[in-house]
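J.: I am sharing my_file-v1.txt, which consists of compact mmCIF, C-alpha atoms:
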# COMPACT_ATOMS: atom_id res chain seq x y z
CA MET A 1 -65.78 92.80 -137.17
CA PHE A 2 -62.35 91.38 -136.13
CA ASP A 3 -60.66 88.10 -137.18
CA GLU A 4 -60.04 85.64 -134.38
CA VAL A 5 -56.37 85.53 -133.17
CA ASN A 6 -54.89 82.15 -132.25
CA ALA A 7 -52.18 82.86 -129.67
CA VAL A 8 -48.94 80.84 -129.41
CA THR A 9 -49.05 78.42 -126.51
CA ASP A 10 -45.68 76.64 -126.92
CA ILE A 11 -42.54 76.14 -129.01
CA THR A 12 -40.39 73.03 -129.32
CA LEU A 13 -37.12 72.29 -131.12
CA ASN A 14 -36.31 69.10 -132.96
CA ARG A 15 -33.19 68.68 -130.77
CA LYS A 16 -32.48 69.30 -127.10
CA SER A 17 -28.74 68.83 -127.51
CA ALA A 18 -26.23 68.19 -130.26
CA THR A 19 -22.48 67.87 -130.91
CA ILE A 20 -20.96 69.61 -133.93
CA THR A 21 -17.42 69.30 -135.31
CA LEU A 22 -15.58 72.57 -135.66
CA GLY A 23 -16.36 74.22 -139.00
CA ASN A 24 -19.54 72.26 -139.62
CA LYS A 25 -23.20 73.38 -139.54
CA LEU A 26 -26.45 72.05 -138.11
CA GLN A 27 -30.04 73.05 -138.92
CA LEU A 28 -32.54 73.29 -136.01
CA THR A 29 -36.26 73.26 -136.69
CA ALA A 30 -38.85 74.93 -134.43
CA THR A 31 -42.47 73.78 -134.09
CA ILE A 32 -45.04 76.40 -132.99
CA LEU A 33 -48.13 75.33 -131.11
CA PRO A 34 -50.88 75.44 -131.87
CA LEU A 35 -50.16 74.60 -135.46
CA ASN A 36 -52.69 77.24 -136.55
CA ALA A 37 -51.15 79.99 -134.43
CA THR A 38 -51.60 83.35 -136.03
CA TYR A 39 -48.11 84.78 -135.43
CA LYS A 40 -45.27 82.23 -135.84
CA GLU A 41 -42.25 84.56 -135.93
CA VAL A 42 -39.20 83.22 -134.00
CA VAL A 43 -36.08 85.02 -132.82
CA TRP A 44 -32.93 82.89 -132.60
CA SER A 45 -29.97 83.58 -130.32
CA SER A 46 -26.73 82.01 -129.07
CA SER A 47 -25.46 82.26 -125.54
CA ASN A 48 -21.86 82.24 -126.80
CA THR A 49 -21.32 83.50 -130.33
CA SER A 50 -17.57 82.81 -130.08
CA VAL A 51 -18.44 79.09 -129.95
CA ALA A 52 -21.50 78.92 -132.23
CA THR A 53 -23.67 81.31 -134.17
CA VAL A 54 -27.23 80.84 -135.39
CA ASN A 55 -29.16 82.31 -138.31
CA ASP A 56 -32.78 81.26 -138.82
CA GLY A 57 -31.99 78.02 -137.01
CA LEU A 58 -28.79 77.23 -138.94
CA ILE A 59 -25.97 76.78 -136.43
CA THR A 60 -22.33 77.31 -137.42
CA ALA A 61 -19.57 75.89 -135.20
CA ILE A 62 -16.91 78.56 -134.62
CA ASN A 63 -14.66 77.33 -131.81
CA PRO A 64 -14.54 74.37 -129.43
CA GLY A 65 -16.81 74.89 -126.40
CA ASN A 66 -20.47 74.98 -125.34
CA ALA A 67 -23.31 77.29 -126.29
CA ILE A 68 -27.08 77.33 -125.79
CA ILE A 69 -29.15 78.07 -128.87
CA THR A 70 -32.57 79.54 -128.00
CA ALA A 71 -35.66 80.00 -130.13
CA LYS A 72 -38.15 82.58 -128.78
CA THR A 73 -41.55 83.36 -130.20
CA VAL A 74 -42.49 86.97 -130.83
CA ASP A 75 -46.04 86.15 -129.79
CA GLY A 76 -46.03 85.32 -126.12
CA GLY A 77 -42.28 85.02 -125.63
CA LYS A 78 -42.34 81.23 -125.50
CA THR A 79 -38.85 79.64 -125.61
CA SER A 80 -37.10 76.39 -126.34
CA ALA A 81 -33.37 75.69 -126.18
CA CYS A 82 -30.75 73.29 -127.51
CA THR A 83 -27.39 72.75 -125.86
CA ILE A 84 -24.63 72.70 -128.45
CA LYS A 85 -21.16 71.25 -127.93
CA VAL A 86 -18.53 72.15 -130.51
CA GLU A 87 -15.60 69.74 -130.78
CA SER A 88 -12.32 69.93 -132.65
CA PRO A 89 -12.09 67.50 -135.57
CA PRO A 90 -9.95 64.40 -135.09
CA ILE A 91 -6.31 64.94 -136.00
CA VAL A 92 -5.45 63.47 -139.41
CA ASN A 93 -1.71 63.09 -139.96
CA VAL A 94 0.19 63.36 -143.23
CA ILE A 95 0.83 59.98 -144.82
CA GLY A 96 2.81 61.20 -147.79
CA ILE A 97 3.89 64.10 -150.01
CA THR A 98 4.33 63.88 -153.79
CA LEU A 99 5.81 66.70 -155.86
CA ASP A 100 4.57 67.24 -159.41
CA LYS A 101 8.21 67.15 -160.63
CA HIS A 102 11.10 65.01 -159.44
CA THR A 103 13.63 66.29 -161.97
CA ALA A 104 13.64 69.69 -163.61
CA ILE A 105 15.82 71.96 -165.75
CA LEU A 106 15.80 75.72 -165.37
CA ALA A 107 17.81 78.56 -166.89
CA LYS A 108 19.54 81.07 -164.62
CA GLY A 109 17.23 83.93 -163.65
CA LEU A 110 14.01 82.05 -164.40
CA THR A 111 11.46 80.66 -161.96
CA MET A 112 9.51 77.43 -161.74
CA GLN A 113 6.54 76.50 -159.55
CA LEU A 114 6.68 73.20 -157.69
CA ASN A 115 3.40 71.83 -156.38
CA ALA A 116 2.94 69.26 -153.63
CA VAL A 117 0.06 66.82 -153.26
CA ILE A 118 -0.48 65.85 -149.62
CA THR A 119 -2.22 62.62 -148.71
CA PRO A 120 -4.76 62.12 -147.36
CA SER A 121 -6.57 65.19 -148.63
CA ASP A 122 -8.19 65.91 -145.24
CA VAL A 123 -5.00 66.16 -143.18
CA THR A 124 -5.24 68.47 -140.21
CA ASN A 125 -2.05 70.42 -140.83
CA LYS A 126 -1.13 70.96 -144.48
CA SER A 127 1.75 73.34 -143.77
CA LEU A 128 4.98 72.64 -145.67
CA LYS A 129 8.55 73.80 -145.26
CA TRP A 130 10.41 74.30 -148.56
CA SER A 131 14.20 74.13 -148.63
CA SER A 132 17.12 74.17 -151.08
CA SER A 133 20.28 72.14 -150.66
CA ASP A 134 22.33 75.00 -152.14
CA LEU A 135 20.92 78.53 -152.07
CA SER A 136 23.72 79.78 -154.30
CA VAL A 137 22.36 77.59 -157.11
CA ALA A 138 18.63 77.99 -156.51
CA SER A 139 16.30 79.34 -153.84
CA VAL A 140 12.71 78.41 -153.04
CA ASP A 141 10.02 80.44 -151.27
CA SER A 142 7.29 79.32 -148.90
CA THR A 143 4.94 78.48 -151.79
CA GLY A 144 7.37 76.24 -153.72
CA LEU A 145 8.42 78.88 -156.27
CA VAL A 146 12.00 78.06 -157.30
CA THR A 147 14.43 80.68 -158.66
CA ALA A 148 17.61 79.59 -160.48
CA ASN A 149 20.58 81.71 -159.37
CA THR A 150 23.50 80.12 -161.19
CA ALA A 151 24.54 76.96 -163.00
CA GLY A 152 24.60 73.76 -160.96
CA ARG A 153 22.53 70.99 -159.47
CA VAL A 154 20.38 71.39 -156.37
CA THR A 155 17.78 69.41 -154.45
CA ILE A 156 14.52 71.20 -153.61
CA THR A 157 12.63 69.52 -150.75
CA ALA A 158 9.10 69.93 -149.37
CA THR A 159 8.75 68.75 -145.77
CA ALA A 160 5.49 68.37 -143.84
CA LYS A 161 5.54 70.39 -140.61
CA ASP A 162 3.13 67.80 -139.23
CA ASN A 163 5.46 64.82 -139.06
CA GLY A 164 8.45 65.39 -141.36
CA LYS A 165 7.23 63.48 -144.42
CA LYS A 166 9.04 64.82 -147.48
CA ASP A 167 9.60 64.62 -151.20
CA SER A 168 12.32 66.17 -153.38
CA CYS A 169 13.01 67.45 -156.87
CA ILE A 170 16.53 67.40 -158.33
CA MET A 171 16.86 70.59 -160.35
CA THR A 172 19.60 71.40 -162.83
CA SER A 173 20.22 75.09 -163.40
CA PHE A 174 22.14 76.25 -166.46
CA LEU A 175 23.42 79.41 -168.08
CA PRO A 176 21.40 80.35 -171.16
CA LEU A 177 23.57 80.78 -174.23
CA SER A 178 22.95 82.16 -177.69
CA ASN A 179 24.52 81.23 -181.02
CA GLU A 180 27.56 83.21 -182.08
CA ASN A 181 29.33 84.00 -185.33
CA CYS A 182 33.12 84.12 -185.17
CA ASN A 183 35.39 85.59 -187.84
CA ILE A 184 39.06 85.13 -188.66
CA ASN A 185 40.89 86.30 -191.77
CA GLN A 186 37.55 86.92 -193.54
CA ILE A 187 36.41 83.38 -192.74
CA SER A 188 33.40 82.95 -190.49
CA PHE A 189 32.25 79.98 -188.48
CA LYS A 190 29.33 79.52 -186.13
CA ILE A 191 29.19 78.05 -182.65
CA ILE A 192 25.89 76.90 -181.19
CA GLY A 193 24.93 77.74 -177.62
CA VAL A 194 23.85 74.49 -175.95
CA TRP A 195 21.75 75.04 -172.85
CA GLY A 196 22.77 72.76 -170.03
CA GLY A 197 20.64 69.93 -168.76
CA VAL A 198 20.63 66.22 -168.04
CA LEU A 199 22.08 63.62 -170.39
CA LYS A 200 20.19 60.34 -170.18
CA THR A 201 22.70 57.55 -170.74
CA ASN A 202 21.99 53.92 -171.49
CA ARG A 203 23.59 52.90 -168.21
CA ASN A 204 20.81 54.31 -166.02
CA ILE A 205 22.97 57.30 -165.14
CA ASP A 206 21.73 60.89 -165.33
CA VAL A 207 24.70 63.08 -166.23
CA THR A 208 24.45 66.80 -165.55
CA ILE A 209 25.90 69.00 -168.28
CA ASN A 210 26.55 72.71 -167.82
CA SER A 211 25.88 75.10 -170.70
CA PHE A 212 28.59 75.20 -173.37
CA SER A 213 29.04 76.10 -177.01
CA ILE A 214 29.92 73.73 -179.84
CA GLY A 215 30.64 74.13 -183.53
CA ARG A 216 27.65 73.98 -185.87
CA TYR A 217 29.92 72.21 -188.35
CA GLU A 218 33.02 70.08 -188.19
CA VAL A 219 36.14 72.23 -188.58
CA THR A 220 36.61 72.82 -192.29
CA GLN A 221 39.80 72.73 -194.34
CA GLU A 222 39.36 76.46 -194.97
CA LEU A 223 39.27 77.30 -191.25
CA TRP A 224 42.17 74.99 -190.44
CA TYR A 225 44.37 76.56 -193.11
CA ALA A 226 43.44 80.10 -192.01
CA VAL A 227 44.68 79.31 -188.50
CA MET A 228 47.61 76.96 -189.14
CA GLY A 229 48.86 78.02 -192.59
CA ASN A 230 49.07 74.41 -193.77
CA TYR A 231 47.16 71.16 -193.62
CA PRO A 232 47.83 68.39 -191.09
CA ALA A 233 48.15 65.93 -194.00
CA ILE A 234 47.12 65.58 -197.62
CA GLN A 235 43.35 65.95 -197.74
CA SER A 236 42.92 62.92 -199.97
CA HIS A 237 39.45 61.86 -198.83
CA GLY A 238 37.58 64.91 -200.08
CA SER A 239 39.21 68.26 -200.75
CA GLY A 240 37.73 71.76 -200.70
CA ASN A 241 37.16 74.77 -198.48
CA ASN A 242 33.92 73.41 -196.97
CA TYR A 243 35.07 69.83 -196.60
CA PRO A 244 35.93 68.70 -193.08
CA VAL A 245 39.63 68.79 -192.33
CA HIS A 246 40.77 65.20 -191.82
CA PHE A 247 43.82 63.16 -190.94
CA VAL A 248 44.00 65.36 -187.82
CA SER A 249 45.72 63.91 -184.78
CA TRP A 250 44.70 64.81 -181.26
CA ASN A 251 48.08 66.44 -180.81
CA ASN A 252 47.55 68.63 -183.89
CA ILE A 253 44.50 70.08 -182.16
CA VAL A 254 45.74 70.57 -178.58
CA GLY A 255 49.44 71.03 -179.30
CA THR A 256 52.46 69.41 -177.68
CA GLY A 257 55.24 70.33 -175.32
CA ASP A 258 55.59 72.53 -172.29
CA GLY A 259 55.27 76.21 -171.70
CA GLU A 260 52.58 78.66 -172.73
CA GLY A 261 49.01 77.42 -172.89
CA TYR A 262 45.77 77.08 -170.98
CA THR A 263 44.20 74.10 -169.25
CA ILE A 264 40.52 73.14 -169.52
CA ASN A 265 38.97 69.91 -168.24
CA GLY A 266 42.40 68.53 -167.41
CA VAL A 267 43.79 69.10 -170.93
CA CYS A 268 46.52 71.64 -171.62
CA TYR A 269 46.11 73.44 -174.94
CA TYR A 270 49.60 74.46 -176.02
CA LYS A 271 50.54 77.41 -178.19
CA ASN A 272 51.51 75.23 -181.17
CA GLY A 273 48.05 73.61 -181.32
CA PHE A 274 45.04 74.66 -183.38
CA CYS A 275 42.79 75.57 -180.42
CA TYR A 276 45.31 77.89 -178.78
CA LYS A 277 46.16 79.64 -182.04
CA LEU A 278 42.49 80.13 -182.91
CA SER A 279 41.77 81.51 -179.44
CA GLN A 280 44.59 84.03 -179.83
CA LEU A 281 43.32 85.13 -183.24
CA ILE A 282 39.69 85.52 -182.08
CA GLY A 283 40.64 87.28 -178.84
CA ASN A 284 38.04 88.56 -176.35
CA GLY A 285 39.20 85.96 -173.84
CA LYS A 286 37.51 83.12 -175.70
CA ARG A 287 39.25 79.78 -175.24
CA PHE A 288 38.44 77.08 -177.74
CA ARG A 289 38.82 73.42 -176.87
CA LEU A 290 37.61 69.94 -177.68
CA PRO A 291 34.26 68.87 -176.24
CA THR A 292 34.22 66.30 -173.49
CA GLU A 293 32.64 63.00 -174.45
CA ALA A 294 29.62 63.79 -172.28
CA GLU A 295 29.19 67.21 -173.94
CA TRP A 296 29.57 65.66 -177.38
CA GLU A 297 26.92 63.03 -176.69
CA TYR A 298 24.53 65.56 -175.11
CA ALA A 299 24.82 67.82 -178.18
CA ALA A 300 24.52 64.88 -180.59
CA LYS A 301 21.30 63.77 -178.92
CA GLY A 302 19.80 67.25 -179.21
CA GLY A 303 20.28 68.55 -175.67
CA GLN A 304 17.04 69.73 -174.09
CA ARG A 305 15.31 69.48 -177.47
CA THR A 306 16.05 65.79 -177.94
CA HIS A 307 13.55 63.60 -179.78
CA ASN A 308 15.55 60.50 -178.83
CA TYR A 309 16.39 59.64 -182.42
CA LEU A 310 18.66 56.70 -183.18
CA PHE A 311 21.07 59.01 -185.01
CA SER A 312 21.93 62.66 -184.50
CA GLY A 313 18.82 64.35 -185.88
CA SER A 314 16.87 61.40 -187.29
CA SER A 315 16.16 57.72 -186.92
CA GLN A 316 17.00 57.35 -190.62
CA PRO A 317 20.77 57.70 -191.15
CA ILE A 318 20.34 58.58 -194.81
CA ASP A 319 18.77 61.90 -193.71
CA VAL A 320 21.60 63.11 -191.48
CA ALA A 321 24.77 61.13 -192.18
CA TRP A 322 27.38 60.43 -194.78
CA PHE A 323 28.31 56.80 -194.12
CA LYS A 324 29.41 53.70 -195.99
CA GLU A 325 26.12 53.16 -197.82
CA ASN A 326 25.91 56.63 -199.40
CA SER A 327 29.32 58.36 -199.16
CA GLU A 328 30.98 56.74 -202.21
CA GLY A 329 34.13 56.35 -200.13
CA THR A 330 34.86 59.99 -199.40
CA THR A 331 34.02 62.87 -197.09
CA HIS A 332 31.48 65.47 -198.15
CA PRO A 333 31.12 69.24 -197.58
CA VAL A 334 29.85 70.00 -194.10
CA GLY A 335 26.19 70.83 -193.60
CA THR A 336 24.90 69.03 -196.68
CA LYS A 337 22.73 66.65 -194.64
CA ALA A 338 19.92 67.66 -192.28
CA PRO A 339 20.86 69.07 -188.85
CA ASN A 340 19.86 67.68 -185.49
CA GLU A 341 17.42 69.25 -183.03
CA LEU A 342 19.98 71.93 -182.05
CA GLY A 343 20.86 72.88 -185.62
CA ILE A 344 24.18 70.99 -185.51
CA TYR A 345 25.33 69.09 -188.59
CA ASP A 346 27.26 65.87 -189.25
CA MET A 347 27.44 64.50 -185.71
CA SER A 348 26.64 61.17 -187.33
CA GLY A 349 29.10 60.21 -190.08
CA ASN A 350 31.39 62.19 -192.39
CA VAL A 351 34.51 62.13 -190.15
CA TRP A 352 35.23 60.76 -186.70
CA GLU A 353 35.45 63.57 -184.13
CA TRP A 354 37.98 63.80 -181.33
CA CYS A 355 36.88 64.42 -177.73
CA SER A 356 39.10 65.58 -174.88
CA ASP A 357 38.65 62.48 -172.69
CA PHE A 358 41.12 59.68 -172.18
CA TYR A 359 39.63 56.48 -173.52
CA PHE A 360 38.56 53.71 -171.17
CA THR A 361 36.19 50.94 -171.99
CA THR A 362 35.04 47.39 -171.58
CA CYS A 363 34.51 45.49 -174.82
CA ASN A 364 32.69 42.30 -175.71
CA GLU A 365 33.95 39.53 -177.97
CA TYR A 366 32.84 41.41 -181.08
CA GLY A 367 34.78 44.54 -180.19
CA TYR A 368 31.68 46.54 -179.27
CA CYS A 369 32.70 48.79 -176.43
CA THR A 370 31.06 50.77 -173.69
CA SER A 371 32.74 53.93 -172.48
CA LEU A 372 32.31 55.18 -168.91
CA PHE A 373 31.97 58.56 -167.24
CA PRO A 374 34.26 57.82 -164.28
CA SER A 375 34.35 61.31 -162.77
CA GLY A 376 30.73 61.15 -161.64
CA THR A 377 27.42 62.55 -162.72
CA ASP A 378 28.25 66.26 -162.88
CA ASN A 379 30.11 67.43 -166.00
CA PRO A 380 32.34 64.34 -166.28
CA ILE A 381 35.69 64.91 -167.99
CA GLY A 382 36.93 61.32 -168.18
CA PHE A 383 39.91 59.59 -166.62
CA ALA A 384 42.93 61.47 -165.35
CA SER A 385 45.37 59.33 -167.32
CA GLY A 386 45.50 56.91 -170.18
CA VAL A 387 47.02 56.18 -173.57
CA LYS A 388 44.22 56.76 -176.04
CA ARG A 389 41.61 59.47 -176.56
CA VAL A 390 37.94 59.23 -177.37
CA ILE A 391 36.54 59.73 -180.87
CA ARG A 392 32.81 59.79 -181.61
CA GLY A 393 30.24 59.81 -184.38
CA GLY A 394 31.54 57.48 -187.06
CA SER A 395 32.70 58.49 -190.53
CA TYR A 396 31.92 58.23 -194.22
CA ASP A 397 33.45 54.73 -194.06
CA SER A 398 31.35 53.52 -191.09
CA TYR A 399 28.51 51.07 -191.31
CA GLU A 400 25.08 52.13 -190.08
CA SER A 401 25.39 50.07 -186.88
CA VAL A 402 28.66 51.76 -185.97
CA ILE A 403 27.43 55.34 -186.30
CA TRP A 404 24.34 54.41 -184.32
CA ARG A 405 26.41 52.95 -181.54
CA SER A 406 28.78 55.87 -181.54
CA CYS A 407 26.07 58.50 -181.47
CA ALA A 408 23.12 57.14 -179.57
CA ALA A 409 25.12 55.16 -177.05
CA PRO A 410 28.56 55.75 -175.60
CA SER A 411 30.33 53.11 -177.68
CA LEU A 412 33.05 53.84 -180.17
CA ASN A 413 36.16 52.90 -182.11
CA PHE A 414 39.48 54.59 -181.30
CA TYR A 415 43.04 55.24 -182.39
CA ASP A 416 46.18 56.23 -180.55
CA GLN A 417 46.28 59.94 -179.88
CA GLU A 418 49.77 60.13 -181.43
CA SER A 419 48.74 58.62 -184.74
CA PHE A 420 45.81 57.83 -187.00
CA THR A 421 44.81 55.17 -189.49
CA ILE A 422 44.98 56.19 -193.14
CA HIS A 423 41.79 54.45 -194.28
CA ASP A 424 39.47 56.08 -191.70
CA PRO A 425 40.65 59.62 -190.91
CA MET A 426 39.55 61.78 -187.99
CA GLY A 427 38.40 65.36 -187.79
CA PHE A 428 36.87 67.37 -184.94
CA ARG A 429 34.54 70.19 -183.98
CA LEU A 430 35.24 73.04 -181.61
CA ALA A 431 33.76 73.67 -178.18
CA CYS A 432 34.09 76.45 -175.65
CA SER A 433 32.64 77.32 -172.26
CA PRO A 434 30.64 80.47 -171.40
For this file, produce the structure as structure tokens.
T.:
Amino acid sequence: MFDEVNAVTDITLNRKSATITLGNKLQLTATILPLNATYKEVVWSSSNTSVATVNDGLITAINPGNAIITAKTVDGGKTSACTIKVESPPIVNVIGITLDKHTAILAKGLTMQLNAVITPSDVTNKSLKWSSSDLSVASVDSTGLVTANTAGRVTITATAKDNGKKDSCIMTSFLPLSNENCNINQISFKIIGVWGGVLKTNRNIDVTINSFSIGRYEVTQELWYAVMGNYPAIQSHGSGNNYPVHFVSWNNIVGTGDGEGYTINGVCYYKNGFCYKLSQLIGNGKRFRLPTEAEWEYAAKGGQRTHNYLFSGSSQPIDVAWFKENSEGTTHPVGTKAPNELGIYDMSGNVWEWCSDFYFTTCNEYGYCTSLFPSGTDNPIGFASGVKRVIRGGSYDSYESVIWRSCAAPSLNFYDQESFTIHDPMGFRLACSP
């Protein structure tokens, strides 16, 4: 005995026509009549699979155009069709681009990934063009990967190919330096490699500083005597090998006169000065000098490792400085207080430290002064002429407010470069370039 077969008499789709946006999908549903038909299998097909495809009634829009989607029953070959129109989505233009970094610091030879956020998120064309203002300093590939090639400052820009919207990152590239021990006449001293970066000043100026080296300690009496064979003056405010040399004039350090020497940052270091003589004794082409004021301040604040302390290495001067409240009226051996973030000692207090810059300032009625960086925002070296030279950092005889102002902000006291004041002597620390 055989079961009764209910043959298919018709098929209908839930849509006769539809419009789909490119990339979207649409589900068609087929109804087989009679509802109790024995065999309800359906075969789906598209008249143009380059425009739209179909799988068990699910239509996928492939390209703009028209296609007919057909459902055909296996039993009886009944058919029903839906006309599909595939349209391109509306064009959404770029409104803006925002980079994840607007300033950055990178050592030579290293890479850094910049990422761009494009708004709105559903823009039609998200393609970007990446560019560098100076390929010799840094290059950038099509994905925003930046490579530092040499020291300098460069602007990396991402531009929308859609309509030219852009955003930029100012990147400072620097030469990585390591610390170095130097030796002369069985006396050693250490210079600290300071990686370049951006000095944040209190005048809303970002000053770019290239990599340089600076003395871990103020120049000691022992080192001075080993180079010069005598002292610049009686060391009456603290005497001993590891005490800072003091009563040092600017001319004692750089020398005087004409003739043999070398010039760095606009300053000629003559053969009768400490820096020239030390450079000759060390050899290897190393040329010692005074730090510029910008370099001094960058190092005092901790360079790239800065914690933005009020003093060099701490917000409590008692931790890092010999000053009026704890010095007992004299200098102290170098390195006996805590160092700053770079491992440099005594940049607050102990002795005032000469810089290479000519001094220029504006002062208020109380004598508090603000120094400038007139040569711009890239490695400023100060004014081309003047009468006085910059000193920084305060001394054992300075009040707390003075060493704060001298270290954390570019304000300072000064003396003529040809002379010094007996009651508040100056010293210095060495610097040199890579």
J.: What is the atom CA of A:Ala233 to atom CA of A:Lys271 distance in Å?
T.: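 One can read the atom CA of A:Ala233 to atom CA of A:Lys271 distance as 19.7 Å.
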J.: Rounded to one decimal place, report the atom CA of A:Ser45-atom CA of A:Ile69 distance in Å.
T.: 5.8 Å
J.: Near A:Asp258, counting only C-alpha atoms, which residues have an atom at most 12 Å away, once you skip same-chain residues fewer than 4 positions from it, shown as a compact mmCIF listing (two decimals) with C-alpha atoms, in the coordinates of the input?
T.:
# COMPACT_ATOMS: atom_id res chain seq x y z
CA VAL A 254 45.74 70.57 -178.58
CA TYR A 262 45.77 77.08 -170.98
CA THR A 263 44.20 74.10 -169.25
CA CYS A 268 46.52 71.64 -171.62
CA TYR A 269 46.11 73.44 -174.94
CA TYR A 270 49.60 74.46 -176.02
CA LYS A 271 50.54 77.41 -178.19
CA ASN A 272 51.51 75.23 -181.17
CA GLY A 273 48.05 73.61 -181.32
J.: So which residues touch A:Leu106 within 7 Å, counting all atoms listed in the file, skipping near sequence neighbours fewer than 2 positions away, as a PDB file with C-alpha atoms, keeping the file's coordinate frame?
T.:
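Okay, selection-v3.pdb is ready:
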ATOM      1  CA  ALA A 104      13.640  69.690-163.610  1.00  0.00           C
ATOM      2  CA  LYS A 108      19.540  81.070-164.620  1.00  0.00           C
ATOM      3  CA  LEU A 110      14.010  82.050-164.400  1.00  0.00           C
ATOM      4  CA  ALA A 148      17.610  79.590-160.480  1.00  0.00           C
ATOM      5  CA  THR A 172      19.600  71.400-162.830  1.00  0.00           C
ATOM      6  CA  SER A 173      20.220  75.090-163.400  1.00  0.00           C
ATOM      7  CA  PHE A 174      22.140  76.250-166.460  1.00  0.00           C
TER       8      PHE A 174
END
J.: Write out as an MDAnalysis selection string which residues come within 12 Å of A:Met171 when counting only C-alpha atoms, dropping same-chain ones fewer than 3 positions away.
T.: chainID A and resid 101:108 111:114 132:134 137:140 146:157 168 174 196:198 206 208
J.: Need to verify the contact set: A:Asn63, 10 Å, all atoms listed in the file, exclusion of same-chain residues closer than 3 positions in sequence. Can you return it as an NGL selection string?
T.: :A and (21-23 or 49-52 or 60 or 66 or 85-88)
J.: For A:Ser236, please output as a short mmCIF file (atom, residue, chain, number, x, y, z; two decimals) with C-alpha atoms, keeping the file's coordinate frame all residues within 10 Å (counting all atoms listed in the file; exclusion window: fewer than 6 positions along the same chain).
T.:
data_model
loop_
_atom_site.label_atom_id
_atom_site.label_comp_id
_atom_site.auth_asym_id
_atom_site.auth_seq_id
_atom_site.Cartn_x
_atom_site.Cartn_y
_atom_site.Cartn_z
CA HIS A 246 40.77 65.20 -191.82
CA PHE A 247 43.82 63.16 -190.94
CA THR A 330 34.86 59.99 -199.40
CA THR A 331 34.02 62.87 -197.09
CA ILE A 422 44.98 56.19 -193.14
CA PRO A 425 40.65 59.62 -190.91
#
J.: When distances are computed from all atoms listed in the file, which of A:Gln280, A:Ser47, A:Thr12, A:Ser211 shows the smallest separation from A:Thr79?
T.: A:Thr12
J.: Taking (-32.6, 74.3, -138.7) in the file's coordinates as the center, which residues reach within 12 Å of it, counting only C-alpha atoms, put as a list in words?
T.: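 Final list of nearby residues, as requested, is Leu13, Asn14, Arg15, Lys25, Leu26, Gln27, Leu28, Thr29, Ala30, Thr31, Trp44, Val54, Asn55, Asp56, Gly57, Leu58, Ile59, Thr60, Ile69, Thr70, Ala71 and Cys82 of chain A.
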J.: To one decimal in Å, tell me the separation between atom CA of A:Gly229 and atom CA of A:Arg392.
T.: 26.7 Å
J.: Pick out the closest residue to A:Phe212 from this set: A:Glu295, A:Glu400, A:Glu4, A:Asp162. Count all atoms listed in the file.
T.: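 Using all atoms listed in the file, the shortest distance to A:Phe212 belongs to A:Glu295.
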J.: With distances taken over all atoms listed in the file, which of A:Glu41, A:Ile205, A:Ser327, A:Ser249 is nearest to A:Pro232?
T.: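 The closest residue to A:Pro232 is A:Ser249.
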J.: Given the choices A:Val245, A:Leu99, A:Leu278, A:Ile32, which gets closest to A:Cys432 if the distance is worked out from only C-alpha atoms?
T.: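 The shortest atom-to-atom distance to A:Cys432 comes from A:Leu278.
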J.: Have a look at A:Val74, A:Ile391, A:Ala158, A:Ala384 and name the one nearest to A:Val117; count all atoms listed in the file.
T.: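 Of the candidates, the smallest distance to A:Val117 is held by A:Ala158.
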J.: Calculate, to one decimal in Å, the centre and edge lengths of the box along x, y and z of the file that holds all listed atoms of stretch 426-429 of chain A with 3 Å of margin on each side, and present them as AutoDock Vina command-line options.
T.:
--center_x 37.0 --center_y 66.0 --center_z -186.0 --size_x 11.0 --size_y 14.4 --size_z 10.0
J.: Would you please work out which residue, of A:Ser178, A:Ser433, A:Asn36, A:Thr256, is nearest to A:Arg289 when using only C-alpha atoms?
T.: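 With only C-alpha atoms as the atom set, the closest residue is A:Ser433.
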